[in-house]
Amino acid sequence: QVQLVDSGGGLVQAGASLRLSCAASGRTSSTYAMAWFRQASGKEREFVAAIRWSGGSTYYADSVKGRFTISKDNAKKTVYLQMNSLKPEDTAIYYCAAGRSTSTYDYWGQGTQVTVSS
């Protein structure tokens with residue numbers, strides 16, 4: 001089993017920055033990639049960004065490219081999402097995920113709320 005604890009959300013104004021963190025514990029060696037997803041009220045959960053534990057290849061949704069950066073600290077088993085130039089449409093609950101590939105995620109964090117006011 002893998003446990004994920006995500007944190008760092010908050011209420012900010014448009015144009016501001018936030019950094020989310022996701023601390024992993026347990027059998028993290030069984031995971032291949034980490035990712036962030038988000039779910040806005042009344043909408044489906046959507047992919048935001050992913051990173052491989054080994055090598056560090058990254059993947060982004062078009063809506064966040066150039067504004068968000070996913071990174072990792074293997075020693076701390078922690079993944080970060082640096083979010084810059086935030087927009088009201090970025091408002092959502094953000095979830096950290098760990099999985100066996102960059103497209104299959106088996107473990108999820110509890111979510112952290114990000115609210116961007118205009």
# chains A, B, ... in the order shown; residues from 1 in each chain; ligands from 1
>>> select_by_dssp(residues="chain A", states="helix (DSSP H, G or I)", output="list in words")
Thr28, Ser29, Ser30, Pro88, Glu89 and Asp90 of chain A
>>> residues_around(residues="stretch 43-60 of chain A", least_positions_apart="4", cutoff="6 Å", atoms="only C-alpha atoms", output="list in words")
Tyr32, Ala33, Met34, Ala35, Trp36, Phe37, Arg38, Gln39 and Lys65 of chain A
>>> residues_around(residues="stretch 14-25 of chain A", least_positions_apart="6", cutoff="8 Å", atoms="only C-alpha atoms", output="MDAnalysis selection string")
chainID A and resid 2:8 76:88 96 109 116:118
>>> write_last_selection(atoms="N, CA, C and O atoms", output="mmCIF file, in the first residue's frame")
data_model
loop_
_atom_site.group_PDB
_atom_site.id
_atom_site.type_symbol
_atom_site.label_atom_id
_atom_site.label_comp_id
_atom_site.auth_asym_id
_atom_site.auth_seq_id
_atom_site.Cartn_x
_atom_site.Cartn_y
_atom_site.Cartn_z
ATOM 1 N N VAL A 2 0.313 2.282 -0.576
ATOM 2 C CA VAL A 2 0.981 3.589 -0.614
ATOM 3 C C VAL A 2 0.021 4.617 -0.027
ATOM 4 O O VAL A 2 -1.163 4.626 -0.358
ATOM 5 N N GLN A 3 0.540 5.441 0.836
ATOM 6 C CA GLN A 3 -0.262 6.515 1.416
ATOM 7 C C GLN A 3 0.243 7.854 0.872
ATOM 8 O O GLN A 3 1.450 8.076 0.775
ATOM 9 N N LEU A 4 -0.699 8.717 0.542
ATOM 10 C CA LEU A 4 -0.366 10.035 -0.004
ATOM 11 C C LEU A 4 -1.055 11.114 0.827
ATOM 12 O O LEU A 4 -2.248 11.015 1.112
ATOM 13 N N VAL A 5 -0.291 12.124 1.179
ATOM 14 C CA VAL A 5 -0.850 13.264 1.913
ATOM 15 C C VAL A 5 -0.523 14.525 1.126
ATOM 16 O O VAL A 5 0.646 14.895 0.994
ATOM 17 N N ASP A 6 -1.559 15.139 0.585
ATOM 18 C CA ASP A 6 -1.327 16.355 -0.180
ATOM 19 C C ASP A 6 -1.715 17.578 0.633
ATOM 20 O O ASP A 6 -2.610 17.526 1.477
ATOM 21 N N SER A 7 -1.018 18.672 0.361
ATOM 22 C CA SER A 7 -1.213 19.893 1.132
ATOM 23 C C SER A 7 -0.780 21.101 0.310
ATOM 24 O O SER A 7 -0.198 20.949 -0.773
ATOM 25 N N GLY A 8 -1.061 22.285 0.856
ATOM 26 C CA GLY A 8 -0.573 23.507 0.235
ATOM 27 C C GLY A 8 -1.623 24.358 -0.445
ATOM 28 O O GLY A 8 -1.319 25.439 -0.960
ATOM 29 N N LYS A 76 12.937 12.520 -0.253
ATOM 30 C CA LYS A 76 11.814 12.823 0.644
ATOM 31 C C LYS A 76 10.534 12.140 0.197
ATOM 32 O O LYS A 76 9.508 12.258 0.871
ATOM 33 N N LYS A 77 10.570 11.472 -0.953
ATOM 34 C CA LYS A 77 9.369 10.836 -1.501
ATOM 35 C C LYS A 77 8.230 11.857 -1.587
ATOM 36 O O LYS A 77 7.087 11.580 -1.205
ATOM 37 N N THR A 78 8.566 13.002 -2.073
ATOM 38 C CA THR A 78 7.606 14.101 -2.145
ATOM 39 C C THR A 78 7.572 14.669 -3.553
ATOM 40 O O THR A 78 8.602 14.805 -4.211
ATOM 41 N N VAL A 79 6.382 14.975 -4.000
ATOM 42 C CA VAL A 79 6.171 15.591 -5.301
ATOM 43 C C VAL A 79 5.525 16.955 -5.079
ATOM 44 O O VAL A 79 4.700 17.118 -4.178
ATOM 45 N N TYR A 80 5.914 17.902 -5.918
ATOM 46 C CA TYR A 80 5.418 19.267 -5.780
ATOM 47 C C TYR A 80 4.719 19.707 -7.063
ATOM 48 O O TYR A 80 5.021 19.222 -8.146
ATOM 49 N N LEU A 81 3.822 20.651 -6.904
ATOM 50 C CA LEU A 81 3.217 21.304 -8.059
ATOM 51 C C LEU A 81 3.298 22.802 -7.815
ATOM 52 O O LEU A 81 2.579 23.339 -6.966
ATOM 53 N N GLN A 82 4.211 23.450 -8.529
ATOM 54 C CA GLN A 82 4.332 24.891 -8.455
ATOM 55 C C GLN A 82 3.358 25.496 -9.450
ATOM 56 O O GLN A 82 3.432 25.205 -10.643
ATOM 57 N N MET A 83 2.457 26.308 -8.950
ATOM 58 C CA MET A 83 1.420 26.893 -9.792
ATOM 59 C C MET A 83 1.597 28.407 -9.813
ATOM 60 O O MET A 83 1.480 29.062 -8.771
ATOM 61 N N ASN A 84 1.910 28.929 -10.968
ATOM 62 C CA ASN A 84 2.099 30.367 -11.147
ATOM 63 C C ASN A 84 1.005 30.936 -12.038
ATOM 64 O O ASN A 84 0.329 30.199 -12.750
ATOM 65 N N SER A 85 0.871 32.236 -11.991
ATOM 66 C CA SER A 85 -0.121 32.927 -12.824
ATOM 67 C C SER A 85 -1.492 32.260 -12.726
ATOM 68 O O SER A 85 -2.140 31.977 -13.743
ATOM 69 N N LEU A 86 -1.918 32.026 -11.515
ATOM 70 C CA LEU A 86 -3.179 31.316 -11.310
ATOM 71 C C LEU A 86 -4.359 32.106 -11.846
ATOM 72 O O LEU A 86 -4.392 33.350 -11.792
ATOM 73 N N LYS A 87 -5.327 31.357 -12.360
ATOM 74 C CA LYS A 87 -6.536 31.936 -12.943
ATOM 75 C C LYS A 87 -7.748 31.419 -12.169
ATOM 76 O O LYS A 87 -7.701 30.332 -11.575
ATOM 77 N N PRO A 88 -8.852 32.144 -12.203
ATOM 78 C CA PRO A 88 -10.062 31.650 -11.527
ATOM 79 C C PRO A 88 -10.471 30.255 -12.000
ATOM 80 O O PRO A 88 -10.976 29.459 -11.191
ATOM 81 N N CYS A 96 -3.350 14.449 -5.409
ATOM 82 C CA CYS A 96 -2.114 13.775 -5.756
ATOM 83 C C CYS A 96 -2.432 12.306 -6.030
ATOM 84 O O CYS A 96 -3.329 11.732 -5.398
ATOM 85 N N GLY A 109 -4.402 10.885 -2.909
ATOM 86 C CA GLY A 109 -4.406 11.683 -1.697
ATOM 87 C C GLY A 109 -5.817 12.139 -1.371
ATOM 88 O O GLY A 109 -6.756 11.872 -2.125
ATOM 89 N N VAL A 116 -9.099 30.434 -6.544
ATOM 90 C CA VAL A 116 -8.492 31.621 -7.128
ATOM 91 C C VAL A 116 -9.590 32.649 -7.384
ATOM 92 O O VAL A 116 -10.510 32.405 -8.159
ATOM 93 N N SER A 117 -9.484 33.776 -6.732
ATOM 94 C CA SER A 117 -10.491 34.822 -6.890
ATOM 95 C C SER A 117 -10.066 35.809 -7.975
ATOM 96 O O SER A 117 -8.878 36.032 -8.200
ATOM 97 N N SER A 118 -11.057 36.376 -8.624
ATOM 98 C CA SER A 118 -10.768 37.315 -9.732
ATOM 99 C C SER A 118 -10.668 38.749 -9.228
ATOM 100 O O SER A 118 -10.970 39.045 -8.098
#
>>> select_by_dssp(residues="chain A", states="strand (DSSP E or B)", output="ChimeraX atom specification")
/A:2-7,10-13,18-26,33-39,46-52,58-60,68-73,78-83,92-99,105-108,112-117
>>> atom_distance(atom1="atom CA of A:Ser30", atom2="atom CA of A:Tyr94")
22.8 Å
>>> decode(residues="stretch 32-57 of chain A", atoms="N, CA and C atoms", output="compact mmCIF listing (two decimals), in the first residue's frame")
# COMPACT_ATOMS: atom_id res chain seq x y z
N TYR A 32 5.44 3.94 -10.31
CA TYR A 32 6.28 4.36 -11.43
C TYR A 32 6.21 5.85 -11.65
N ALA A 33 5.05 6.41 -11.36
CA ALA A 33 4.84 7.83 -11.64
C ALA A 33 3.94 8.45 -10.59
N MET A 34 4.07 9.75 -10.47
CA MET A 34 3.19 10.54 -9.60
C MET A 34 2.50 11.59 -10.46
N ALA A 35 1.34 12.00 -10.02
CA ALA A 35 0.61 12.98 -10.82
C ALA A 35 -0.27 13.85 -9.95
N TRP A 36 -0.71 14.94 -10.53
CA TRP A 36 -1.73 15.79 -9.94
C TRP A 36 -2.94 15.81 -10.86
N PHE A 37 -4.09 15.67 -10.25
CA PHE A 37 -5.36 15.82 -10.93
C PHE A 37 -6.14 16.91 -10.20
N ARG A 38 -7.17 17.40 -10.84
CA ARG A 38 -8.03 18.37 -10.17
C ARG A 38 -9.48 18.14 -10.56
N GLN A 39 -10.36 18.56 -9.66
CA GLN A 39 -11.79 18.44 -9.93
C GLN A 39 -12.48 19.71 -9.47
N ALA A 40 -13.02 20.43 -10.42
CA ALA A 40 -13.80 21.63 -10.11
C ALA A 40 -15.23 21.22 -9.79
N SER A 41 -15.91 22.07 -9.08
CA SER A 41 -17.28 21.78 -8.68
C SER A 41 -18.16 21.54 -9.90
N GLY A 42 -18.84 20.40 -9.91
CA GLY A 42 -19.75 20.07 -11.00
C GLY A 42 -19.07 19.55 -12.25
N LYS A 43 -17.76 19.31 -12.19
CA LYS A 43 -17.03 18.85 -13.37
C LYS A 43 -16.33 17.52 -13.08
N GLU A 44 -15.90 16.87 -14.17
CA GLU A 44 -15.15 15.63 -14.06
C GLU A 44 -13.73 15.93 -13.57
N ARG A 45 -13.14 14.94 -12.91
CA ARG A 45 -11.74 15.09 -12.53
C ARG A 45 -10.88 15.09 -13.78
N GLU A 46 -9.88 15.96 -13.81
CA GLU A 46 -9.03 16.06 -14.99
C GLU A 46 -7.55 16.00 -14.62
N PHE A 47 -6.78 15.50 -15.54
CA PHE A 47 -5.34 15.40 -15.39
C PHE A 47 -4.71 16.79 -15.44
N VAL A 48 -3.70 17.01 -14.59
CA VAL A 48 -2.99 18.28 -14.58
C VAL A 48 -1.54 18.09 -15.00
N ALA A 49 -0.83 17.20 -14.30
CA ALA A 49 0.59 17.00 -14.58
C ALA A 49 1.04 15.68 -13.99
N ALA A 50 2.12 15.11 -14.57
CA ALA A 50 2.67 13.86 -14.07
C ALA A 50 4.18 13.89 -14.18
N ILE A 51 4.82 13.04 -13.37
CA ILE A 51 6.28 12.94 -13.39
C ILE A 51 6.68 11.51 -13.06
N ARG A 52 7.70 11.01 -13.73
CA ARG A 52 8.21 9.69 -13.44
C ARG A 52 9.19 9.76 -12.28
N TRP A 53 9.14 8.77 -11.38
CA TRP A 53 10.10 8.75 -10.28
C TRP A 53 11.53 8.65 -10.82
N SER A 54 11.70 7.78 -11.82
CA SER A 54 13.03 7.58 -12.39
C SER A 54 13.17 8.39 -13.67
N GLY A 55 14.19 9.20 -13.70
CA GLY A 55 14.41 9.99 -14.92
C GLY A 55 13.77 11.36 -14.86
N GLY A 56 12.59 11.43 -14.28
CA GLY A 56 11.96 12.72 -14.10
C GLY A 56 11.22 13.29 -15.29
N SER A 57 10.88 12.46 -16.28
CA SER A 57 10.09 12.98 -17.41
C SER A 57 8.78 13.55 -16.90
